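Asker: One file is attached below, start01.txt, containing compact mmCIF, C-alpha atoms.
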```txt
# COMPACT_ATOMS: atom_id res chain seq x y z
CA MET A 1 -16.86 42.20 33.10
CA ARG A 2 -17.48 42.08 36.86
CA ASN A 3 -20.25 39.48 36.40
CA ARG A 4 -17.93 37.32 34.29
CA ILE A 5 -15.25 37.43 36.99
CA ILE A 6 -17.77 36.47 39.68
CA THR A 7 -19.08 33.61 37.53
CA PHE A 8 -15.53 32.36 36.95
CA LEU A 9 -14.77 32.48 40.69
CA ILE A 10 -17.92 30.51 41.49
CA ILE A 11 -17.02 27.83 38.93
CA LEU A 12 -13.44 27.66 40.23
CA THR A 13 -14.66 27.35 43.83
CA ASN A 14 -16.99 24.51 42.88
CA LEU A 15 -14.19 22.67 41.08
CA LEU A 16 -11.80 23.02 43.99
CA SER A 17 -14.51 21.93 46.41
CA ALA A 18 -15.20 18.82 44.34
CA ARG A 19 -11.49 17.95 44.30
CA ALA A 20 -11.25 18.50 48.06
CA GLN A 21 -14.10 16.03 48.64
CA GLU A 22 -12.33 13.25 46.72
CA THR A 23 -10.74 10.55 48.83
CA PRO A 24 -7.01 9.75 48.40
CA ASN A 25 -8.09 6.53 46.65
CA ALA A 26 -10.23 8.48 44.18
CA GLN A 27 -7.45 10.99 43.56
CA GLN A 28 -4.94 8.22 42.85
CA ALA A 29 -7.39 6.43 40.55
CA ARG A 30 -8.15 9.59 38.58
CA ARG A 31 -4.46 10.49 38.28
CA MET A 32 -3.52 7.02 37.03
CA PHE A 33 -6.49 6.88 34.66
CA ASN A 34 -5.58 10.27 33.18
CA GLU A 35 -2.02 9.08 32.63
CA THR A 36 -3.21 6.02 30.68
CA TYR A 37 -5.86 8.02 28.83
CA GLN A 38 -3.15 10.36 27.56
CA MET A 39 -1.05 7.40 26.44
CA VAL A 40 -3.95 6.26 24.26
CA TYR A 41 -5.38 9.56 22.98
CA GLY A 42 -2.50 11.98 23.50
CA PRO A 43 -0.67 14.03 20.84
CA GLU A 44 1.86 11.25 20.12
CA GLY A 45 -0.84 8.66 19.42
CA SER A 46 -1.07 4.94 20.13
CA GLN A 47 -1.63 1.55 18.53
CA LEU A 48 -3.19 -1.59 20.01
CA HIS A 49 -4.77 -4.91 19.15
CA TYR A 50 -8.24 -5.51 20.57
CA LYS A 51 -10.72 -8.33 21.02
CA VAL A 52 -14.33 -7.41 21.68
CA ASN A 53 -17.03 -9.62 23.13
CA ILE A 54 -20.54 -8.14 23.18
CA LEU A 55 -22.89 -10.28 25.28
CA GLY A 56 -21.18 -13.38 23.95
CA ILE A 57 -23.15 -12.90 20.73
CA TYR A 58 -20.92 -10.64 18.67
CA LYS A 59 -17.16 -11.12 18.73
CA THR A 60 -14.51 -9.38 16.68
CA GLU A 61 -10.88 -8.36 16.86
CA GLY A 62 -8.58 -6.01 15.05
CA THR A 63 -6.04 -3.22 15.32
CA ILE A 64 -6.75 0.39 16.10
CA TRP A 65 -4.63 3.54 15.91
CA THR A 66 -5.65 6.73 17.73
CA LYS A 67 -4.23 10.22 18.05
CA GLY A 68 -6.45 12.79 19.69
CA LYS A 69 -9.71 12.73 17.72
CA LYS A 70 -8.13 10.91 14.78
CA SER A 71 -8.47 7.15 14.44
CA ARG A 72 -8.06 4.18 12.16
CA PHE A 73 -9.02 0.56 12.60
CA ILE A 74 -8.87 -2.71 10.75
CA ASP A 75 -10.90 -5.84 11.48
CA GLU A 76 -12.18 -8.82 9.49
CA ARG A 77 -15.12 -6.90 8.02
CA TYR A 78 -14.16 -3.24 7.92
CA ILE A 79 -11.35 -0.74 7.60
CA ALA A 80 -11.93 2.85 8.69
CA TRP A 81 -9.96 6.09 8.50
CA ASN A 82 -10.85 9.22 10.46
CA ASP A 83 -8.63 12.27 10.00
CA ASP A 84 -10.90 14.42 12.23
CA VAL A 85 -12.48 15.96 9.11
CA THR A 86 -13.77 13.01 7.08
CA TYR A 87 -14.57 9.44 8.06
CA TYR A 88 -14.17 6.64 5.48
CA ARG A 89 -15.52 3.15 6.18
CA LEU A 90 -14.53 0.36 3.81
CA GLU A 91 -16.86 -2.65 3.79
CA ARG A 92 -14.87 -5.64 2.56
CA LYS A 93 -17.68 -7.95 1.37
CA LYS A 94 -19.60 -5.23 -0.46
CA SER A 95 -16.48 -3.56 -1.91
CA THR A 96 -17.95 -0.21 -0.91
CA ILE A 97 -16.57 2.83 0.87
CA VAL A 98 -19.04 4.98 2.79
CA ILE A 99 -18.01 8.57 3.53
CA TYR A 100 -19.26 10.59 6.52
CA ASP A 101 -18.45 13.83 8.24
CA ALA A 102 -15.96 12.85 10.96
CA HIS A 103 -18.17 14.31 13.69
CA SER A 104 -21.46 12.80 12.54
CA ASP A 105 -23.19 10.28 14.80
CA GLU A 106 -24.53 8.60 11.67
CA ARG A 107 -21.15 7.07 10.89
CA ASP A 108 -21.49 4.56 13.73
CA LYS A 109 -24.72 4.61 15.74
CA TYR A 110 -23.52 1.84 18.05
CA ALA A 111 -20.27 3.59 18.87
CA THR A 112 -22.13 6.76 19.89
CA LYS A 113 -23.43 4.83 22.90
CA PHE A 114 -19.84 4.61 24.11
CA LYS A 115 -19.08 8.33 24.08
CA PHE A 116 -16.92 9.14 27.06
CA GLU A 117 -16.19 12.29 29.06
CA PRO A 118 -13.74 11.71 31.96
CA ASP A 119 -15.36 14.32 34.23
CA ASN A 120 -18.71 12.49 34.14
CA TYR A 121 -17.44 9.73 36.44
CA THR A 122 -16.27 8.97 39.95
CA TYR A 123 -13.09 6.92 40.27
CA SER A 124 -11.69 4.23 42.54
CA ILE A 125 -8.65 1.94 42.37
CA LYS A 126 -7.90 -1.56 43.64
CA ASP A 127 -4.51 -3.24 43.77
CA ALA A 128 -4.69 -6.86 42.58
CA GLN A 129 -2.12 -9.51 41.69
CA GLU A 130 -2.85 -9.16 37.95
CA GLY A 131 -2.64 -5.35 37.94
CA TYR A 132 -4.48 -2.21 39.00
CA TYR A 133 -8.25 -2.17 38.61
CA ILE A 134 -9.66 1.31 38.08
CA THR A 135 -13.44 1.51 38.31
CA LEU A 136 -15.40 4.42 36.85
CA LYS A 137 -19.03 4.95 37.81
CA ALA A 138 -21.23 7.45 35.99
CA LYS A 139 -22.56 10.39 37.92
CA LYS A 140 -26.30 10.90 38.14
CA GLY A 141 -27.92 11.76 34.82
CA VAL A 142 -24.98 10.67 32.64
CA LYS A 143 -26.08 8.74 29.55
CA GLY A 144 -24.14 6.10 27.63
CA ILE A 145 -21.44 4.27 29.58
CA LYS A 146 -22.71 3.65 33.12
CA GLU A 147 -19.66 1.88 34.45
CA ALA A 148 -16.21 0.86 33.27
CA ARG A 149 -13.52 -1.27 34.87
CA CYS A 150 -10.02 -0.90 33.45
CA LEU A 151 -7.17 -3.28 34.24
CA LEU A 152 -3.75 -1.64 33.97
CA ASP A 153 -0.31 -3.24 33.96
CA LYS A 154 1.42 -2.51 37.27
CA LYS A 155 4.75 -1.51 35.76
CA THR A 156 3.82 0.37 32.57
CA HIS A 157 0.22 1.31 33.37
CA TYR A 158 -0.68 0.13 29.87
CA PRO A 159 -4.32 -0.98 29.45
CA ILE A 160 -4.87 -4.75 29.48
CA ASN A 161 -8.62 -5.17 29.72
CA VAL A 162 -11.68 -2.90 29.76
CA ARG A 163 -15.17 -3.98 30.80
CA ILE A 164 -17.91 -1.49 29.92
CA LYS A 165 -21.52 -1.37 31.08
CA VAL A 166 -24.10 0.36 28.90
CA GLY A 167 -27.58 0.08 30.37
CA VAL A 168 -27.80 -3.49 31.69
CA PHE A 169 -25.38 -4.90 29.12
CA HIS A 170 -21.64 -5.47 29.42
CA THR A 171 -18.96 -5.38 26.75
CA THR A 172 -15.47 -6.76 27.31
CA ILE A 173 -12.44 -5.47 25.41
CA LYS A 174 -9.12 -7.30 25.72
CA ILE A 175 -6.07 -5.25 24.74
CA SER A 176 -2.65 -6.46 23.63
CA GLN A 177 0.37 -5.27 21.63
CA PHE A 178 -0.05 -1.76 23.03
CA LYS A 179 2.33 0.86 21.68
CA THR A 180 2.33 4.52 22.62
CA GLY A 181 3.94 7.37 20.68
CA GLY A 182 5.42 7.74 17.24
CA ILE A 183 2.13 7.55 15.31
CA SER A 184 2.26 9.58 12.09
CA ASP A 185 -0.70 11.69 10.93
CA ASN A 186 -0.46 9.87 7.60
CA THR A 187 -1.83 6.80 9.39
CA PHE A 188 -5.28 8.41 9.37
CA VAL A 189 -5.33 9.62 5.76
CA PHE A 190 -7.58 7.60 3.45
CA PRO A 191 -5.50 6.17 0.53
CA ARG A 192 -8.07 6.64 -2.24
CA GLU A 193 -5.63 5.56 -4.94
CA LYS A 194 -5.61 2.01 -3.51
CA TYR A 195 -9.34 1.53 -4.07
CA PRO A 196 -10.20 2.83 -7.57
CA ASP A 197 -12.69 0.02 -8.28
CA TYR A 198 -14.74 0.34 -5.08
CA LYS A 199 -18.19 1.89 -5.00
CA TYR A 200 -18.22 5.20 -3.11
CA ILE A 201 -21.29 6.32 -1.12
CA ASP A 202 -21.07 9.88 0.17
CA LYS A 203 -23.31 10.56 3.18
CA ARG A 204 -21.86 13.90 4.24
```
Please, can you express the file's structure as structure tokens?
Answerer:
Amino acid sequence: MRNRIITFLIILTNLLSARAQETPNAQQARRMFNETYQMVYGPEGSQLHYKVNILGIYKTEGTIWTKGKKSRFIDERYIAWNDDVTYYRLERKKSTIVIYDAHSDERDKYATKFKFEPDNYTYSIKDAQEGYYITLKAKKGVKGIKEARCLLDKKTHYPINVRIKVGVFHTTIKISQFKTGGISDNTFVFPREKYPDYKYIDKR
């Protein structure tokens, strides 16, 4: 028990030391980012329209709903439901529905490159005419997203634009029609009765 207490005190001291070393700019950036992050992924959920541009080669847009680890999205090619237990991906052209475990990386190998942990980054903020720019830079050894720049609305702090760097490549996500709160859990439940004629492929 004594060793556990000592270990806890060491961890706590390190955390407090790290916070103390942050500049006021970094503290403000982290605080504002956390506020927006909770709007998007918090217990009340959110909804937004997005446009994605990957290297100018692949472009798509759609609507996404999130609530904690649950999600749902619709675009021109796919619809997906994730209730944090099972992930269903409907492929429009093939009339197929592929089923995965919600926590499996196999369900979307590209998306796994964008896994994000807030504590893996340093933060800074810049006040501009169009809004607040919050820049996140990955700490040494962090894989996946190396840098992100988020543009927030000055009044609401809603996200407007996110530019993400993975390796040497950049992806731009434009966000509109943002709504926070009031998202029902039923949003993330796959409505199997609507797709009786689709081919089901279970990869769990």
Asker: If we count all atoms listed in the file and set the cut-off at 8 Å, which residues sit around segment 137-140 of chain A, ignoring sequence neighbours fewer than 5 positions away in its own chain? Please answer as a ChimeraX atom specification.
Answerer: /A:120-123,145-148
Asker: Given the choices A:Arg204, A:Lys194, A:Arg92, A:Arg30, which gets closest to Cys150 of chain A if the distance is worked out from only C-alpha atoms?
Answerer: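 When distances to Cys150 of chain A are compared using only C-alpha atoms, the smallest one comes from A:Arg30.
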Asker: Could you name the residues that touch segment 59-69 of chain A at 7 Å or less, counting all atoms listed in the file, but leaving out those on the same chain fewer than 6 positions away, as a ChimeraX atom specification?
Answerer: /A:40-53,75,84
Asker: Taking only C-alpha atoms into account, name the residue in A:Tyr133, A:Tyr200, A:Phe190, A:Tyr100 that is nearest to Asn25 of chain A.
Answerer: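 Between A:Tyr133, A:Tyr200, A:Phe190, A:Tyr100, the residue approaching Asn25 of chain A most closely is A:Tyr133.
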Asker: Hey, which of A:Lys203, A:Lys143, A:His103, A:Lys179 ends up closest to Pro159 of chain A? Count only C-alpha atoms.
Answerer: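 Smallest distance to Pro159 of chain A is found for A:Lys179.
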Asker: Taking into account all atoms listed in the file, which residue in the set A:Arg163, A:Lys155, A:His170, A:Arg89 is nearest to Ile134 of chain A?
Answerer: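 Comparing A:Arg163, A:Lys155, A:His170, A:Arg89 against Ile134 of chain A, the winner is A:Arg163.
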Asker: What is the distance between atom CA of Lys199 of chain A and atom CA of Thr96 of chain A, in Å to one decimal?
Answerer: 4.6 Å
